[in-house]
Amino acid sequence: MSSFRLQQLKGHIFPENKILTMAVSESPLTTHVLNVGLGVPASNVTLRLYRQDPSSKTWQLLTTGVTNADGRYPGLITKPLFTAGVYKLHFETAQYWASLGDSSFYPYVEIVFTINDPGQKYHVPLLLSRFSYSTYRGS
């Protein structure tokens with residue numbers, strides 16, 4: 001096989017954007033916001049990740065960001081910072097719906113969850129409509 005053909009195959013097997021995506025998405029905790037009313041990813045949703053201090057029970061802000069065009073926020077937390085404890089994902093849903101020219105019954109959504117084994121991978125999606133939301137623990 002010619003080296004030119006091998007380079008073409010390499011480009012299909014290991015596209016550069018896929019390598020970058022894989023490197024960025026190594027967060028042990030991921031989220032994905034989906035607008036189920038329109039059947040599309042919810043882009044430009046402001047989110048914040050907190051961890052509860054076990055002694056004071058106060059919330060410590062870890063990450064602030066905005067979902068991308070696919071409704072995801074890559075790099076939510078690094079493996080060294082991901083420890084056992086209680087976490088909270090806060091999503092600014094009123095702001096998102098207002099950007100679409102709509103209103104929402106829920107001005108924000110908070111998902112509180114417990115991490116017992118930080119060695120596992122956790123996925124916490126948010127399925128969102130103007131009058132309801134749901135979530136589950138994915139992997």
# chains A, B, ... in the order shown; residues from 1 in each chain; ligands from 1

$ select_by_dssp --residues "chain A" --states "helix (DSSP H, G or I)" --output "PyMOL selection string"
chain A and resi 3-13+16-24+93-99

$ write_last_selection --atoms "N, CA and C atoms" --output "PDB file, in the first residue's frame"
ATOM      1  N   SER A   3       2.285   5.068   0.674  1.00  0.00           N
ATOM      2  CA  SER A   3       2.266   5.908   1.880  1.00  0.00           C
ATOM      3  C   SER A   3       1.141   6.951   1.789  1.00  0.00           C
ATOM      4  N   PHE A   4       0.836   7.401   0.569  1.00  0.00           N
ATOM      5  CA  PHE A   4      -0.279   8.348   0.409  1.00  0.00           C
ATOM      6  C   PHE A   4      -1.592   7.722   0.881  1.00  0.00           C
ATOM      7  N   ARG A   5      -1.819   6.481   0.468  1.00  0.00           N
ATOM      8  CA  ARG A   5      -3.056   5.784   0.854  1.00  0.00           C
ATOM      9  C   ARG A   5      -3.093   5.540   2.360  1.00  0.00           C
ATOM     10  N   LEU A   6      -1.961   5.222   2.951  1.00  0.00           N
ATOM     11  CA  LEU A   6      -1.897   5.033   4.405  1.00  0.00           C
ATOM     12  C   LEU A   6      -2.228   6.329   5.140  1.00  0.00           C
ATOM     13  N   GLN A   7      -1.757   7.455   4.619  1.00  0.00           N
ATOM     14  CA  GLN A   7      -2.069   8.744   5.231  1.00  0.00           C
ATOM     15  C   GLN A   7      -3.568   9.040   5.150  1.00  0.00           C
ATOM     16  N   GLN A   8      -4.184   8.690   4.010  1.00  0.00           N
ATOM     17  CA  GLN A   8      -5.632   8.877   3.875  1.00  0.00           C
ATOM     18  C   GLN A   8      -6.389   8.030   4.888  1.00  0.00           C
ATOM     19  N   LEU A   9      -5.989   6.776   5.024  1.00  0.00           N
ATOM     20  CA  LEU A   9      -6.640   5.888   5.983  1.00  0.00           C
ATOM     21  C   LEU A   9      -6.452   6.386   7.412  1.00  0.00           C
ATOM     22  N   LYS A  10      -5.263   6.854   7.695  1.00  0.00           N
ATOM     23  CA  LYS A  10      -4.996   7.396   9.030  1.00  0.00           C
ATOM     24  C   LYS A  10      -5.947   8.555   9.325  1.00  0.00           C
ATOM     25  N   GLY A  11      -6.175   9.407   8.329  1.00  0.00           N
ATOM     26  CA  GLY A  11      -7.085  10.537   8.506  1.00  0.00           C
ATOM     27  C   GLY A  11      -8.512  10.111   8.803  1.00  0.00           C
ATOM     28  N   HIS A  12      -8.936   8.980   8.253  1.00  0.00           N
ATOM     29  CA  HIS A  12     -10.288   8.483   8.519  1.00  0.00           C
ATOM     30  C   HIS A  12     -10.377   7.774   9.864  1.00  0.00           C
ATOM     31  N   ILE A  13      -9.314   7.075  10.229  1.00  0.00           N
ATOM     32  CA  ILE A  13      -9.321   6.328  11.484  1.00  0.00           C
ATOM     33  C   ILE A  13      -9.065   7.245  12.672  1.00  0.00           C
ATOM     34  N   GLU A  16      -8.099  14.388  13.293  1.00  0.00           N
ATOM     35  CA  GLU A  16      -7.482  15.250  14.307  1.00  0.00           C
ATOM     36  C   GLU A  16      -8.490  15.808  15.288  1.00  0.00           C
ATOM     37  N   ASN A  17      -9.683  16.184  14.820  1.00  0.00           N
ATOM     38  CA  ASN A  17     -10.677  16.734  15.747  1.00  0.00           C
ATOM     39  C   ASN A  17     -11.169  15.665  16.725  1.00  0.00           C
ATOM     40  N   LYS A  18     -11.157  14.403  16.322  1.00  0.00           N
ATOM     41  CA  LYS A  18     -11.560  13.330  17.218  1.00  0.00           C
ATOM     42  C   LYS A  18     -10.525  13.155  18.318  1.00  0.00           C
ATOM     43  N   ILE A  19      -9.249  13.243  17.967  1.00  0.00           N
ATOM     44  CA  ILE A  19      -8.195  13.121  18.968  1.00  0.00           C
ATOM     45  C   ILE A  19      -8.326  14.248  19.978  1.00  0.00           C
ATOM     46  N   LEU A  20      -8.558  15.458  19.525  1.00  0.00           N
ATOM     47  CA  LEU A  20      -8.732  16.590  20.421  1.00  0.00           C
ATOM     48  C   LEU A  20      -9.947  16.390  21.309  1.00  0.00           C
ATOM     49  N   THR A  21     -11.054  15.948  20.747  1.00  0.00           N
ATOM     50  CA  THR A  21     -12.267  15.718  21.520  1.00  0.00           C
ATOM     51  C   THR A  21     -12.026  14.665  22.587  1.00  0.00           C
ATOM     52  N   MET A  22     -11.318  13.603  22.230  1.00  0.00           N
ATOM     53  CA  MET A  22     -11.046  12.553  23.199  1.00  0.00           C
ATOM     54  C   MET A  22     -10.188  13.088  24.335  1.00  0.00           C
ATOM     55  N   ALA A  23      -9.203  13.931  24.032  1.00  0.00           N
ATOM     56  CA  ALA A  23      -8.330  14.465  25.066  1.00  0.00           C
ATOM     57  C   ALA A  23      -9.096  15.391  26.000  1.00  0.00           C
ATOM     58  N   VAL A  24      -9.977  16.215  25.462  1.00  0.00           N
ATOM     59  CA  VAL A  24     -10.731  17.160  26.275  1.00  0.00           C
ATOM     60  C   VAL A  24     -11.797  16.452  27.101  1.00  0.00           C
ATOM     61  N   THR A  93     -31.681  27.901  33.197  1.00  0.00           N
ATOM     62  CA  THR A  93     -32.636  27.555  32.152  1.00  0.00           C
ATOM     63  C   THR A  93     -33.478  28.742  31.680  1.00  0.00           C
ATOM     64  N   ALA A  94     -33.808  29.671  32.571  1.00  0.00           N
ATOM     65  CA  ALA A  94     -34.602  30.841  32.143  1.00  0.00           C
ATOM     66  C   ALA A  94     -33.838  31.650  31.095  1.00  0.00           C
ATOM     67  N   GLN A  95     -32.562  31.810  31.325  1.00  0.00           N
ATOM     68  CA  GLN A  95     -31.696  32.539  30.390  1.00  0.00           C
ATOM     69  C   GLN A  95     -31.672  31.830  29.028  1.00  0.00           C
ATOM     70  N   TYR A  96     -31.585  30.499  29.053  1.00  0.00           N
ATOM     71  CA  TYR A  96     -31.576  29.724  27.813  1.00  0.00           C
ATOM     72  C   TYR A  96     -32.884  29.915  27.048  1.00  0.00           C
ATOM     73  N   TRP A  97     -34.024  29.744  27.729  1.00  0.00           N
ATOM     74  CA  TRP A  97     -35.319  29.874  27.045  1.00  0.00           C
ATOM     75  C   TRP A  97     -35.543  31.294  26.550  1.00  0.00           C
ATOM     76  N   ALA A  98     -35.099  32.286  27.326  1.00  0.00           N
ATOM     77  CA  ALA A  98     -35.236  33.680  26.889  1.00  0.00           C
ATOM     78  C   ALA A  98     -34.449  33.923  25.599  1.00  0.00           C
ATOM     79  N   SER A  99     -33.295  33.272  25.471  1.00  0.00           N
ATOM     80  CA  SER A  99     -32.492  33.441  24.252  1.00  0.00           C
ATOM     81  C   SER A  99     -33.201  32.875  23.022  1.00  0.00           C
TER      82      SER A  99
END

$ closest_atom_pairs --of "region 84-121 of chain A" --to "region 27-39 of chain A" --cutoff "12 Å" --atoms "only C-alpha atoms" --output "CSV"
residue,atom,partner,partner_atom,distance
A:Ala84,CA,A:Pro28,CA,11.9
A:Tyr87,CA,A:Leu29,CA,10.5
A:Lys88,CA,A:Leu29,CA,11.6
A:Leu89,CA,A:Thr31,CA,9.0
A:His90,CA,A:Thr31,CA,11.2
A:Phe91,CA,A:Val33,CA,9.2
A:Glu92,CA,A:Val33,CA,11.3
A:Thr93,CA,A:Val33,CA,10.3
A:Tyr96,CA,A:Asn35,CA,10.1
A:Trp97,CA,A:Asn35,CA,9.8
A:Leu100,CA,A:Leu38,CA,11.1
A:Asp102,CA,A:Gly37,CA,11.9
A:Ser104,CA,A:Gly37,CA,12.0
A:Val109,CA,A:Val33,CA,11.2
A:Ile111,CA,A:Thr31,CA,10.9
A:Phe113,CA,A:Leu29,CA,11.5
A:Thr114,CA,A:Leu29,CA,11.9
A:Ile115,CA,A:Leu29,CA,9.9
A:Asp117,CA,A:Pro28,CA,10.7
A:Pro118,CA,A:Pro28,CA,7.6
A:Gly119,CA,A:Pro28,CA,7.8
A:Gln120,CA,A:Pro28,CA,7.0
A:Lys121,CA,A:Pro28,CA,4.7

$ atom_distance --atom1 "CA of Leu62 (chain A)" --atom2 "CA of Tyr122 (chain A)"
16.5 Å

$ residues_around --residues "Asp53 (chain A)" --least-positions-apart "2" --cutoff "12 Å" --atoms "only C-alpha atoms" --output "list of chain:residue names"
A:Tyr50, A:Arg51, A:Ser55, A:Ser56, A:Lys57, A:Thr58, A:Trp59, A:Gln60, A:Leu61, A:Leu62, A:Thr83, A:Ala84, A:Gly85, A:Val86, A:Tyr87, A:Lys88

$ select_by_dssp --residues "region 45-105 of chain A" --states "strand (DSSP E)" --output "count of residues only"
22

$ closest_residue --among "A:Pro54, A:Val40, A:Phe131, A:Ser103" --to "Arg72 (chain A)" --atoms "only C-alpha atoms"
A:Val40

$ atom_distance --atom1 "CA of Leu76 (chain A)" --atom2 "CA of Pro107 (chain A)"
22.1 Å

$ atom_distance --atom1 "CA of Leu47 (chain A)" --atom2 "CA of Ser132 (chain A)"
17.8 Å

$ closest_residue --among "A:Ser134, A:Lys79, A:Asn68, A:Tyr73" --to "Arg48 (chain A)" --atoms "only C-alpha atoms"
A:Tyr73
